[in-house]
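Asker: Here you go, this is upload_36.pdb (PDB, C-alpha atoms, pLDDT in the B column).
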```
ATOM      1  CA  MET Y   1     -52.177 -10.562   4.904  1.00 56.00           C
ATOM      2  CA  LYS Y   2     -49.678  -7.776   5.508  1.00 56.00           C
ATOM      3  CA  SER Y   3     -50.969  -4.445   6.749  1.00 64.00           C
ATOM      4  CA  PRO Y   4     -50.380  -1.361   4.540  1.00 62.00           C
ATOM      5  CA  ARG Y   5     -48.026   0.064   7.177  1.00 64.00           C
ATOM      6  CA  LYS Y   6     -45.854  -3.071   7.287  1.00 59.00           C
ATOM      7  CA  SER Y   7     -45.778  -3.239   3.502  1.00 60.00           C
ATOM      8  CA  ARG Y   8     -44.731   0.415   3.340  1.00 62.00           C
ATOM      9  CA  ASN Y   9     -41.946  -0.097   5.899  1.00 61.00           C
ATOM     10  CA  PHE Y  10     -40.733  -3.175   4.039  1.00 55.00           C
ATOM     11  CA  SER Y  11     -40.652  -1.237   0.781  1.00 60.00           C
ATOM     12  CA  GLN Y  12     -38.742   1.619   2.401  1.00 59.00           C
ATOM     13  CA  ARG Y  13     -36.128  -0.754   3.847  1.00 65.00           C
ATOM     14  CA  LYS Y  14     -35.763  -2.446   0.477  1.00 65.00           C
ATOM     15  CA  MET Y  15     -35.338   0.936  -1.208  1.00 62.00           C
ATOM     16  CA  ARG Y  16     -32.709   2.005   1.349  1.00 68.00           C
ATOM     17  CA  ARG Y  17     -30.775  -1.217   0.786  1.00 67.00           C
ATOM     18  CA  ALA Y  18     -30.912  -0.685  -2.985  1.00 71.00           C
ATOM     19  CA  VAL Y  19     -29.666   2.909  -2.618  1.00 66.00           C
ATOM     20  CA  LEU Y  20     -26.863   1.780  -0.293  1.00 69.00           C
ATOM     21  CA  ARG Y  21     -25.881  -0.981  -2.718  1.00 80.00           C
ATOM     22  CA  ARG Y  22     -25.704   1.467  -5.632  1.00 89.00           C
ATOM     23  CA  ARG Y  23     -23.614   3.853  -3.548  1.00 91.00           C
ATOM     24  CA  GLN Y  24     -21.241   1.053  -2.566  1.00 92.00           C
ATOM     25  CA  GLU Y  25     -20.892   0.023  -6.204  1.00 94.00           C
ATOM     26  CA  GLU Y  26     -20.022   3.603  -7.162  1.00 96.00           C
ATOM     27  CA  ILE Y  27     -17.354   3.713  -4.433  1.00 96.00           C
ATOM     28  CA  LEU Y  28     -15.905   0.371  -5.480  1.00 96.00           C
ATOM     29  CA  ARG Y  29     -15.720   1.408  -9.128  1.00 97.00           C
ATOM     30  CA  ASP Y  30     -13.988   4.657  -8.227  1.00 97.00           C
ATOM     31  CA  TRP Y  31     -11.598   2.856  -5.868  1.00 97.00           C
ATOM     32  CA  LEU Y  32     -10.778   0.318  -8.584  1.00 97.00           C
ATOM     33  CA  ASN Y  33     -10.106   3.174 -10.988  1.00 97.00           C
ATOM     34  CA  TYR Y  34      -7.614   4.581  -8.460  1.00 97.00           C
ATOM     35  CA  LEU Y  35      -5.980   1.192  -7.822  1.00 97.00           C
ATOM     36  CA  LEU Y  36      -5.337   0.569 -11.519  1.00 97.00           C
ATOM     37  CA  ASP Y  37      -4.301   4.119 -12.452  1.00 97.00           C
ATOM     38  CA  PRO Y  38      -0.870   3.879 -14.174  1.00 95.00           C
ATOM     39  CA  ALA Y  39       0.177   7.079 -12.370  1.00 94.00           C
ATOM     40  CA  PHE Y  40       0.428   5.051  -9.156  1.00 94.00           C
ATOM     41  CA  SER Y  41       2.258   2.111 -10.696  1.00 93.00           C
ATOM     42  CA  THR Y  42       5.405   1.401  -8.678  1.00 93.00           C
ATOM     43  CA  THR Y  43       8.727   0.261 -10.126  1.00 90.00           C
ATOM     44  CA  LEU Y  44      11.962  -0.813  -8.475  1.00 83.00           C
ATOM     45  CA  ARG Y  45      14.273   2.029  -7.526  1.00 73.00           C
ATOM     46  CA  SER Y  46      17.897   1.343  -8.311  1.00 62.00           C
ATOM     47  CA  PRO Y  47      19.417   0.865  -4.829  1.00 64.00           C
ATOM     48  CA  ASP Y  48      22.605   2.632  -3.756  1.00 69.00           C
ATOM     49  CA  THR Y  49      22.908   0.624  -0.548  1.00 67.00           C
ATOM     50  CA  ASN Y  50      25.934  -1.407  -1.637  1.00 68.00           C
ATOM     51  CA  ALA Y  51      27.856   1.709  -2.649  1.00 75.00           C
ATOM     52  CA  ARG Y  52      27.041   3.385   0.681  1.00 77.00           C
ATOM     53  CA  LEU Y  53      28.046   0.228   2.539  1.00 72.00           C
ATOM     54  CA  ARG Y  54      31.425   0.148   0.787  1.00 81.00           C
ATOM     55  CA  GLY Y  55      31.991   3.790   1.686  1.00 82.00           C
ATOM     56  CA  VAL Y  56      31.170   3.225   5.362  1.00 76.00           C
ATOM     57  CA  ARG Y  57      33.446   0.190   5.572  1.00 81.00           C
ATOM     58  CA  GLN Y  58      36.302   2.055   3.940  1.00 81.00           C
ATOM     59  CA  GLU Y  59      35.908   4.891   6.435  1.00 81.00           C
ATOM     60  CA  ILE Y  60      35.859   2.440   9.352  1.00 80.00           C
ATOM     61  CA  SER Y  61      39.036   0.825   8.058  1.00 81.00           C
ATOM     62  CA  HIS Y  62      40.675   4.224   7.603  1.00 75.00           C
ATOM     63  CA  LEU Y  63      39.844   5.382  11.135  1.00 78.00           C
ATOM     64  CA  LYS Y  64      41.094   2.148  12.666  1.00 77.00           C
ATOM     65  CA  SER Y  65      44.416   2.564  10.843  1.00 76.00           C
ATOM     66  CA  ILE Y  66      45.072   6.042  12.193  1.00 72.00           C
ATOM     67  CA  ASP Y  67      48.123   6.169  14.450  1.00 55.00           C
ATOM     68  CA  GLY Y  68      48.027   8.070  17.674  1.00 55.00           C
ATOM     69  CA  CYS Y  69      45.349   8.502  20.266  1.00 59.00           C
ATOM     70  CA  PHE Y  70      42.904  11.384  20.118  1.00 60.00           C
ATOM     71  CA  VAL Y  71      40.891  11.624  23.326  1.00 57.00           C
ATOM     72  CA  ASP Y  72      38.388  14.036  24.842  1.00 58.00           C
ATOM     73  CA  GLU Y  73      38.516  15.537  28.328  1.00 58.00           C
ATOM     74  CA  HIS Y  74      37.101  12.313  29.738  1.00 57.00           C
ATOM     75  CA  GLY Y  75      39.768  10.164  28.137  1.00 54.00           C
ATOM     76  CA  SER Y  76      37.435   8.652  25.530  1.00 60.00           C
ATOM     77  CA  SER Y  77      38.867   8.123  22.053  1.00 65.00           C
ATOM     78  CA  TYR Y  78      37.450  10.377  19.343  1.00 64.00           C
ATOM     79  CA  THR Y  79      38.248   7.835  16.649  1.00 74.00           C
ATOM     80  CA  GLY Y  80      36.662   5.093  18.759  1.00 74.00           C
ATOM     81  CA  LYS Y  81      33.431   7.078  18.947  1.00 74.00           C
ATOM     82  CA  ALA Y  82      33.482   7.715  15.201  1.00 79.00           C
ATOM     83  CA  VAL Y  83      34.080   4.027  14.482  1.00 78.00           C
ATOM     84  CA  ALA Y  84      31.214   3.015  16.791  1.00 81.00           C
ATOM     85  CA  ASN Y  85      28.824   5.394  14.985  1.00 85.00           C
ATOM     86  CA  LEU Y  86      29.930   4.105  11.594  1.00 82.00           C
ATOM     87  CA  GLU Y  87      29.488   0.508  12.714  1.00 81.00           C
ATOM     88  CA  GLN Y  88      25.894   1.326  13.673  1.00 84.00           C
ATOM     89  CA  GLU Y  89      25.417   2.769  10.185  1.00 81.00           C
ATOM     90  CA  GLU Y  90      26.932  -0.411   8.737  1.00 78.00           C
ATOM     91  CA  LYS Y  91      24.359  -2.530  10.626  1.00 79.00           C
ATOM     92  CA  HIS Y  92      21.558  -0.308   9.352  1.00 73.00           C
ATOM     93  CA  LEU Y  93      22.744  -0.637   5.749  1.00 72.00           C
ATOM     94  CA  LEU Y  94      23.037  -4.409   6.060  1.00 71.00           C
ATOM     95  CA  SER Y  95      19.419  -4.481   7.239  1.00 67.00           C
ATOM     96  CA  GLU Y  96      18.374  -2.113   4.448  1.00 66.00           C
ATOM     97  CA  ARG Y  97      20.028  -4.362   1.877  1.00 73.00           C
ATOM     98  CA  ARG Y  98      17.407  -7.020   2.637  1.00 75.00           C
ATOM     99  CA  ASN Y  99      14.671  -4.626   1.470  1.00 80.00           C
ATOM    100  CA  ARG Y 100      13.645  -3.162  -1.862  1.00 82.00           C
ATOM    101  CA  ILE Y 101      12.099   0.241  -2.577  1.00 84.00           C
ATOM    102  CA  TYR Y 102       9.374   0.546  -5.213  1.00 89.00           C
ATOM    103  CA  GLU Y 103       8.360   4.046  -6.267  1.00 90.00           C
ATOM    104  CA  SER Y 104       5.758   5.882  -8.316  1.00 92.00           C
ATOM    105  CA  ARG Y 105       5.667   9.598  -9.051  1.00 88.00           C
ATOM    106  CA  PHE Y 106       3.769  10.165  -5.808  1.00 89.00           C
ATOM    107  CA  PHE Y 107       5.089   7.754  -3.185  1.00 89.00           C
ATOM    108  CA  GLY Y 108       7.457   4.921  -2.362  1.00 88.00           C
ATOM    109  CA  ARG Y 109       6.992   1.569  -0.629  1.00 90.00           C
ATOM    110  CA  THR Y 110       9.702  -0.435   1.115  1.00 85.00           C
ATOM    111  CA  ALA Y 111       9.319  -4.179   1.571  1.00 85.00           C
ATOM    112  CA  PRO Y 112      11.507  -7.280   2.043  1.00 85.00           C
ATOM    113  CA  LYS Y 113      12.929  -8.333  -1.301  1.00 83.00           C
ATOM    114  CA  GLU Y 114      11.224 -11.754  -1.123  1.00 85.00           C
ATOM    115  CA  LEU Y 115       7.819 -10.015  -1.306  1.00 87.00           C
ATOM    116  CA  GLY Y 116       8.655  -8.371  -4.608  1.00 89.00           C
ATOM    117  CA  ASN Y 117       6.552  -5.377  -5.715  1.00 93.00           C
ATOM    118  CA  VAL Y 118       4.135  -5.626  -2.806  1.00 94.00           C
ATOM    119  CA  GLU Y 119       2.306  -2.376  -3.656  1.00 95.00           C
ATOM    120  CA  GLU Y 120       1.405  -3.663  -7.108  1.00 96.00           C
ATOM    121  CA  ALA Y 121       0.443  -7.091  -5.761  1.00 96.00           C
ATOM    122  CA  GLU Y 122      -1.851  -5.536  -3.129  1.00 97.00           C
ATOM    123  CA  ARG Y 123      -3.531  -3.322  -5.717  1.00 97.00           C
ATOM    124  CA  PHE Y 124      -4.099  -6.248  -8.062  1.00 98.00           C
ATOM    125  CA  GLY Y 125      -5.346  -8.369  -5.151  1.00 97.00           C
ATOM    126  CA  ILE Y 126      -7.911  -5.792  -4.078  1.00 98.00           C
ATOM    127  CA  GLY Y 127      -8.848  -5.245  -7.711  1.00 97.00           C
ATOM    128  CA  VAL Y 128      -9.673  -8.944  -7.959  1.00 97.00           C
ATOM    129  CA  LEU Y 129     -11.858  -8.750  -4.831  1.00 97.00           C
ATOM    130  CA  ILE Y 130     -13.710  -5.733  -6.244  1.00 97.00           C
ATOM    131  CA  ALA Y 131     -14.172  -7.427  -9.628  1.00 96.00           C
ATOM    132  CA  ARG Y 132     -15.647 -10.480  -7.892  1.00 95.00           C
ATOM    133  CA  ASN Y 133     -18.039  -8.191  -6.037  1.00 94.00           C
ATOM    134  CA  LEU Y 134     -19.137  -6.112  -9.033  1.00 94.00           C
ATOM    135  CA  ARG Y 135     -18.985  -8.746 -11.789  1.00 94.00           C
ATOM    136  CA  PRO Y 136     -19.366 -12.116 -10.030  1.00 93.00           C
ATOM    137  CA  THR Y 137     -20.029 -14.133 -13.202  1.00 95.00           C
ATOM    138  CA  GLU Y 138     -16.784 -13.064 -14.920  1.00 97.00           C
ATOM    139  CA  ASN Y 139     -13.150 -14.058 -14.515  1.00 97.00           C
ATOM    140  CA  PRO Y 140     -11.748 -11.300 -12.236  1.00 97.00           C
ATOM    141  CA  TYR Y 141      -8.220 -11.564 -13.676  1.00 98.00           C
ATOM    142  CA  GLU Y 142      -9.551 -11.030 -17.188  1.00 98.00           C
ATOM    143  CA  VAL Y 143     -11.626  -8.090 -15.929  1.00 97.00           C
ATOM    144  CA  LEU Y 144      -8.440  -6.451 -14.622  1.00 98.00           C
ATOM    145  CA  GLN Y 145      -6.507  -7.301 -17.774  1.00 98.00           C
ATOM    146  CA  GLU Y 146      -9.123  -5.606 -19.962  1.00 97.00           C
ATOM    147  CA  ASP Y 147      -9.304  -2.553 -17.688  1.00 97.00           C
ATOM    148  CA  LEU Y 148      -5.520  -2.162 -17.693  1.00 97.00           C
ATOM    149  CA  ALA Y 149      -5.333  -2.575 -21.478  1.00 97.00           C
ATOM    150  CA  ILE Y 150      -7.694   0.397 -21.871  1.00 96.00           C
ATOM    151  CA  ARG Y 151      -5.116   2.363 -19.850  1.00 96.00           C
ATOM    152  CA  LYS Y 152      -2.286   1.196 -22.166  1.00 95.00           C
ATOM    153  CA  VAL Y 153      -0.929  -1.175 -19.517  1.00 95.00           C
ATOM    154  CA  PHE Y 154      -0.488  -4.552 -21.136  1.00 95.00           C
ATOM    155  CA  ILE Y 155      -0.222  -7.556 -18.841  1.00 96.00           C
ATOM    156  CA  THR Y 156      -1.772 -10.999 -19.173  1.00 97.00           C
ATOM    157  CA  SER Y 157      -4.500 -12.225 -16.856  1.00 97.00           C
ATOM    158  CA  LYS Y 158      -2.211 -15.145 -15.986  1.00 98.00           C
ATOM    159  CA  ALA Y 159       0.549 -12.771 -14.840  1.00 97.00           C
ATOM    160  CA  ILE Y 160      -1.953 -10.871 -12.671  1.00 97.00           C
ATOM    161  CA  GLN Y 161      -3.152 -14.139 -11.165  1.00 97.00           C
ATOM    162  CA  MET Y 162       0.402 -15.310 -10.423  1.00 96.00           C
ATOM    163  CA  ARG Y 163       1.232 -12.052  -8.588  1.00 95.00           C
ATOM    164  CA  VAL Y 164      -1.929 -12.224  -6.511  1.00 96.00           C
ATOM    165  CA  ARG Y 165      -1.382 -15.908  -5.710  1.00 95.00           C
ATOM    166  CA  ARG Y 166       2.187 -15.152  -4.619  1.00 94.00           C
ATOM    167  CA  LEU Y 167       0.900 -12.483  -2.253  1.00 95.00           C
ATOM    168  CA  GLU Y 168      -1.731 -14.868  -0.870  1.00 95.00           C
ATOM    169  CA  ARG Y 169       0.940 -17.477  -0.133  1.00 94.00           C
ATOM    170  CA  LYS Y 170       2.949 -14.886   1.799  1.00 94.00           C
ATOM    171  CA  LEU Y 171      -0.163 -13.945   3.787  1.00 94.00           C
ATOM    172  CA  GLN Y 172      -0.939 -17.567   4.589  1.00 93.00           C
ATOM    173  CA  ALA Y 173       2.649 -18.077   5.769  1.00 93.00           C
ATOM    174  CA  GLY Y 174       2.406 -15.029   8.039  1.00 94.00           C
ATOM    175  CA  GLN Y 175       5.108 -13.185   6.067  1.00 92.00           C
ATOM    176  CA  HIS Y 176       2.991 -10.118   5.386  1.00 93.00           C
ATOM    177  CA  ILE Y 177       0.093  -8.215   6.934  1.00 94.00           C
ATOM    178  CA  THR Y 178      -3.446  -9.646   6.715  1.00 96.00           C
ATOM    179  CA  TRP Y 179      -6.030  -8.984   4.009  1.00 96.00           C
ATOM    180  CA  HIS Y 180      -7.989  -6.875   6.477  1.00 96.00           C
ATOM    181  CA  GLN Y 181      -4.930  -4.683   7.120  1.00 97.00           C
ATOM    182  CA  ILE Y 182      -4.181  -4.453   3.399  1.00 97.00           C
ATOM    183  CA  LEU Y 183      -7.725  -3.295   2.659  1.00 97.00           C
ATOM    184  CA  GLN Y 184      -7.581  -0.656   5.397  1.00 97.00           C
ATOM    185  CA  HIS Y 185      -4.169   0.616   4.291  1.00 96.00           C
ATOM    186  CA  GLN Y 186      -5.122   0.872   0.624  1.00 97.00           C
ATOM    187  CA  TYR Y 187      -8.524   2.414   1.337  1.00 97.00           C
ATOM    188  CA  ARG Y 188      -6.914   5.058   3.548  1.00 96.00           C
ATOM    189  CA  SER Y 189      -4.491   5.822   0.705  1.00 95.00           C
ATOM    190  CA  TYR Y 190      -7.454   6.191  -1.641  1.00 96.00           C
ATOM    191  CA  LYS Y 191      -9.314   8.484   0.812  1.00 96.00           C
ATOM    192  CA  TYR Y 192      -6.177  10.578   1.335  1.00 95.00           C
ATOM    193  CA  PHE Y 193      -5.760  10.987  -2.440  1.00 94.00           C
ATOM    194  CA  LEU Y 194      -9.390  12.096  -2.820  1.00 94.00           C
ATOM    195  CA  GLY Y 195      -9.149  14.441   0.158  1.00 95.00           C
ATOM    196  CA  MET Y 196      -5.947  16.100  -1.040  1.00 93.00           C
ATOM    197  CA  ASN Y 197      -7.349  16.575  -4.547  1.00 93.00           C
ATOM    198  CA  LEU Y 198     -10.489  18.151  -3.104  1.00 94.00           C
ATOM    199  CA  TRP Y 199      -8.481  20.465  -0.842  1.00 94.00           C
ATOM    200  CA  LEU Y 200      -6.093  21.594  -3.584  1.00 92.00           C
ATOM    201  CA  SER Y 201      -8.997  22.286  -5.943  1.00 93.00           C
ATOM    202  CA  ARG Y 202     -10.580  24.662  -3.412  1.00 93.00           C
ATOM    203  CA  CYS Y 203      -7.810  26.021  -1.170  1.00 91.00           C
ATOM    204  CA  LYS Y 204      -4.243  27.225  -1.194  1.00 88.00           C
ATOM    205  CA  GLY Y 205      -1.500  25.871   1.017  1.00 89.00           C
ATOM    206  CA  SER Y 206      -1.342  22.679   3.016  1.00 90.00           C
ATOM    207  CA  PRO Y 207      -4.474  21.354   4.737  1.00 93.00           C
ATOM    208  CA  PRO Y 208      -4.694  21.426   8.566  1.00 93.00           C
ATOM    209  CA  VAL Y 209      -3.890  18.336  10.603  1.00 92.00           C
ATOM    210  CA  GLY Y 210      -7.549  17.831  11.514  1.00 94.00           C
ATOM    211  CA  TYR Y 211      -8.495  17.636   7.845  1.00 94.00           C
ATOM    212  CA  LEU Y 212      -5.817  15.026   7.157  1.00 92.00           C
ATOM    213  CA  ARG Y 213      -6.944  12.966  10.131  1.00 93.00           C
ATOM    214  CA  LYS Y 214     -10.470  13.001   8.756  1.00 92.00           C
ATOM    215  CA  CYS Y 215      -9.160  11.837   5.381  1.00 92.00           C
ATOM    216  CA  LEU Y 216      -7.434   8.877   7.000  1.00 94.00           C
ATOM    217  CA  ALA Y 217     -10.271   7.898   9.356  1.00 95.00           C
ATOM    218  CA  LEU Y 218     -12.537   5.004   8.389  1.00 95.00           C
ATOM    219  CA  THR Y 219     -16.253   5.265   9.137  1.00 94.00           C
ATOM    220  CA  GLY Y 220     -18.481   2.383  10.179  1.00 94.00           C
ATOM    221  CA  HIS Y 221     -19.993   2.199   6.676  1.00 92.00           C
ATOM    222  CA  GLN Y 222     -16.527   2.068   5.115  1.00 95.00           C
ATOM    223  CA  MET Y 223     -15.406  -0.695   7.485  1.00 95.00           C
ATOM    224  CA  ASN Y 224     -18.525  -2.667   6.558  1.00 94.00           C
ATOM    225  CA  LEU Y 225     -17.683  -2.182   2.885  1.00 94.00           C
ATOM    226  CA  LEU Y 226     -14.176  -3.552   3.439  1.00 95.00           C
ATOM    227  CA  ARG Y 227     -15.555  -6.497   5.408  1.00 94.00           C
ATOM    228  CA  SER Y 228     -17.910  -7.292   2.534  1.00 93.00           C
ATOM    229  CA  LEU Y 229     -14.893  -7.653   0.257  1.00 94.00           C
ATOM    230  CA  LEU Y 230     -13.279 -10.138   2.628  1.00 92.00           C
ATOM    231  CA  ALA Y 231     -16.115 -12.522   1.792  1.00 88.00           C
ATOM    232  CA  HIS Y 232     -14.551 -12.801  -1.668  1.00 78.00           C
ATOM    233  CA  VAL Y 233     -11.006 -13.573  -0.504  1.00 82.00           C
ATOM    234  CA  ASP Y 234     -11.372 -17.338  -0.985  1.00 67.00           C
ATOM    235  CA  SER Y 235     -13.806 -17.145  -3.887  1.00 60.00           C
TER     236      SER Y 235
END
```
Once more with this new file: its structure as structure tokens, please.
Answerer:
Amino acid sequence: MKSPRKSRNFSQRKMRRAVLRRRQEEILRDWLNYLLDPAFSTTLRSPDTNARLRGVRQEISHLKSIDGCFVDEHGSSYTGKAVANLEQEEKHLLSERRNRIYESRFFGRTAPKELGNVEEAERFGIGVLIARNLRPTENPYEVLQEDLAIRKVFITSKAIQMRVRRLERKLQAGQHITWHQILQHQYRSYKYFLGMNLWLSRCKGSPPVGYLRKCLALTGHQMNLLRSLLAHVDS
């Protein structure tokens, strides 16, 4: 037979776990609300890379066609230096052409074009993990579809599933960061958004660096919360 003291301690631990669970559920619901907010939906920005590349190449061609030799006091060609700088810019633009930029009203995200809209895929992917945690008996893709429809964002559960599956294939092939890194990145973005909103509601001007660092730091409890979601990656 348990002693009254042991029974009391057991009850207290059980109560603490229940309180912690409720708090975690509140955080997950609020995070999901942020992840699915249409204000943060990213769309492809029309790239101007090709036009810039044409301009750089035309300038390189023009400089190379100039007659005469313009040199500095060390005998180095001015046009040669200019061409070398432009050729470095050409290499940069060729590299940039392999990427795509997706933007919302608040931020942009650059990723290789084969990844597609990686910001949206990550948000849907985490949304699925949260839905599996909060509503384990329901289809997580349908949960997201219904939530988005309430926000006037109409997308089928199948389309959500296809985008998440595509991201998972890229992760498995080592072509993108890991789930753990995705969760940390997106949770830091969420914390930063909350912190900035809180600061702007109470203060004027930009917050100090120390405040921003605190917004981006992850506590032990928050890391445990993210790890708990990883248990649902292969669910």
Asker: Residues picked by the PyMOL selection byres ((chain Y and resi 142-158) around 10) here, as a ChimeraX atom specification?
Answerer: /Y:32-33,36-38,41,124,127-128,130-132,135,138-141,159-164
Asker: What does the PyMOL selection byres ((chain Y and resi 222) around 12) select in this file, as a VMD selection string?
Answerer: chain Y and resid 20 23 to 24 27 to 28 183 to 184 187 to 188 191 216 to 221 223 to 229
Asker: So which residues are close to (14.2, -11.1, 0.9), meaning at most 12 Å away in the file's coordinates with only C-alpha atoms counted, and can you show them as a list of chain:residue names?
Answerer: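 Applying the cut-off with only C-alpha atoms, one gets Y:Ser95, Y:Glu96, Y:Arg97, Y:Arg98, Y:Asn99, Y:Arg100, Y:Thr110, Y:Ala111, Y:Pro112, Y:Lys113, Y:Glu114, Y:Leu115, Y:Gly116, Y:Asn117, Y:Lys170, Y:Gln175.
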Asker: Extract, using all atoms listed in the file, all DNA, RNA and protein residues at most 9 Å from Leu53 (chain Y), discarding same-chain residues fewer than 5 positions from it, and format them as a count of residues only.
Answerer: 6
Asker: Calculate how many Å separate CA of Gly125 (chain Y) from CA of Ile182 (chain Y), rounding to one decimal.
Answerer: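 Going from CA of Gly125 (chain Y) over to CA of Ile182 (chain Y) covers 9.5 Å.
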Asker: Show which residues sit within 12 Å of region 204-213 of chain Y, as number ranges by chain. Count only C-alpha atoms, and ignore same-chain residues fewer than 2 positions away.
Answerer: Y: 188-189, 191-202, 215-218
Asker: In Å, rounded to a single decimal, give me how far CA of Arg165 (chain Y) is from CA of Tyr102 (chain Y).
Answerer: 19.7 Å
Asker: Tell me, in Å to one decimal, how far CA of Ala231 (chain Y) is from CA of Phe40 (chain Y).
Answerer: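 Interatomic distance, CA of Ala231 (chain Y) to CA of Phe40 (chain Y): 26.5 Å.
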Asker: Considering all atoms listed in the file, state which residue in the set Y:Leu35, Y:Ala51, Y:Ala121, Y:Leu86 is at the smallest distance from Arg169 (chain Y).
Answerer: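 Of all the options, Y:Ala121 lies closest to Arg169 (chain Y).
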Asker: Which centre and edge lengths in Å to one decimal define the box along x, y and z that fits every listed atom of region 139-152 of chain Y plus 3 Å per side, as AutoDock Vina command-line options?
Answerer:
```
--center_x -7.7 --center_y -5.8 --center_z -17.2 --size_x 16.9 --size_y 22.4 --size_z 15.9
```
Asker: The PyMOL selection byres ((chain Y and resi 44) around 7) on the file shown: which residues, as a ChimeraX atom specification?
Answerer: /Y:42-43,45-46,101-103
Asker: For the selection you just gave me, I'd like the residues written to a file as a CSV table (one decimal), in the coordinates of the input, keeping C-alpha atoms.
Answerer:
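As written to disk, part.csv reads:
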```csv
chain,number,residue,atom,x,y,z
Y,42,THR,CA,5.4,1.4,-8.7
Y,43,THR,CA,8.7,0.3,-10.1
Y,45,ARG,CA,14.3,2.0,-7.5
Y,46,SER,CA,17.9,1.3,-8.3
Y,101,ILE,CA,12.1,0.2,-2.6
Y,102,TYR,CA,9.4,0.5,-5.2
Y,103,GLU,CA,8.4,4.0,-6.3
```
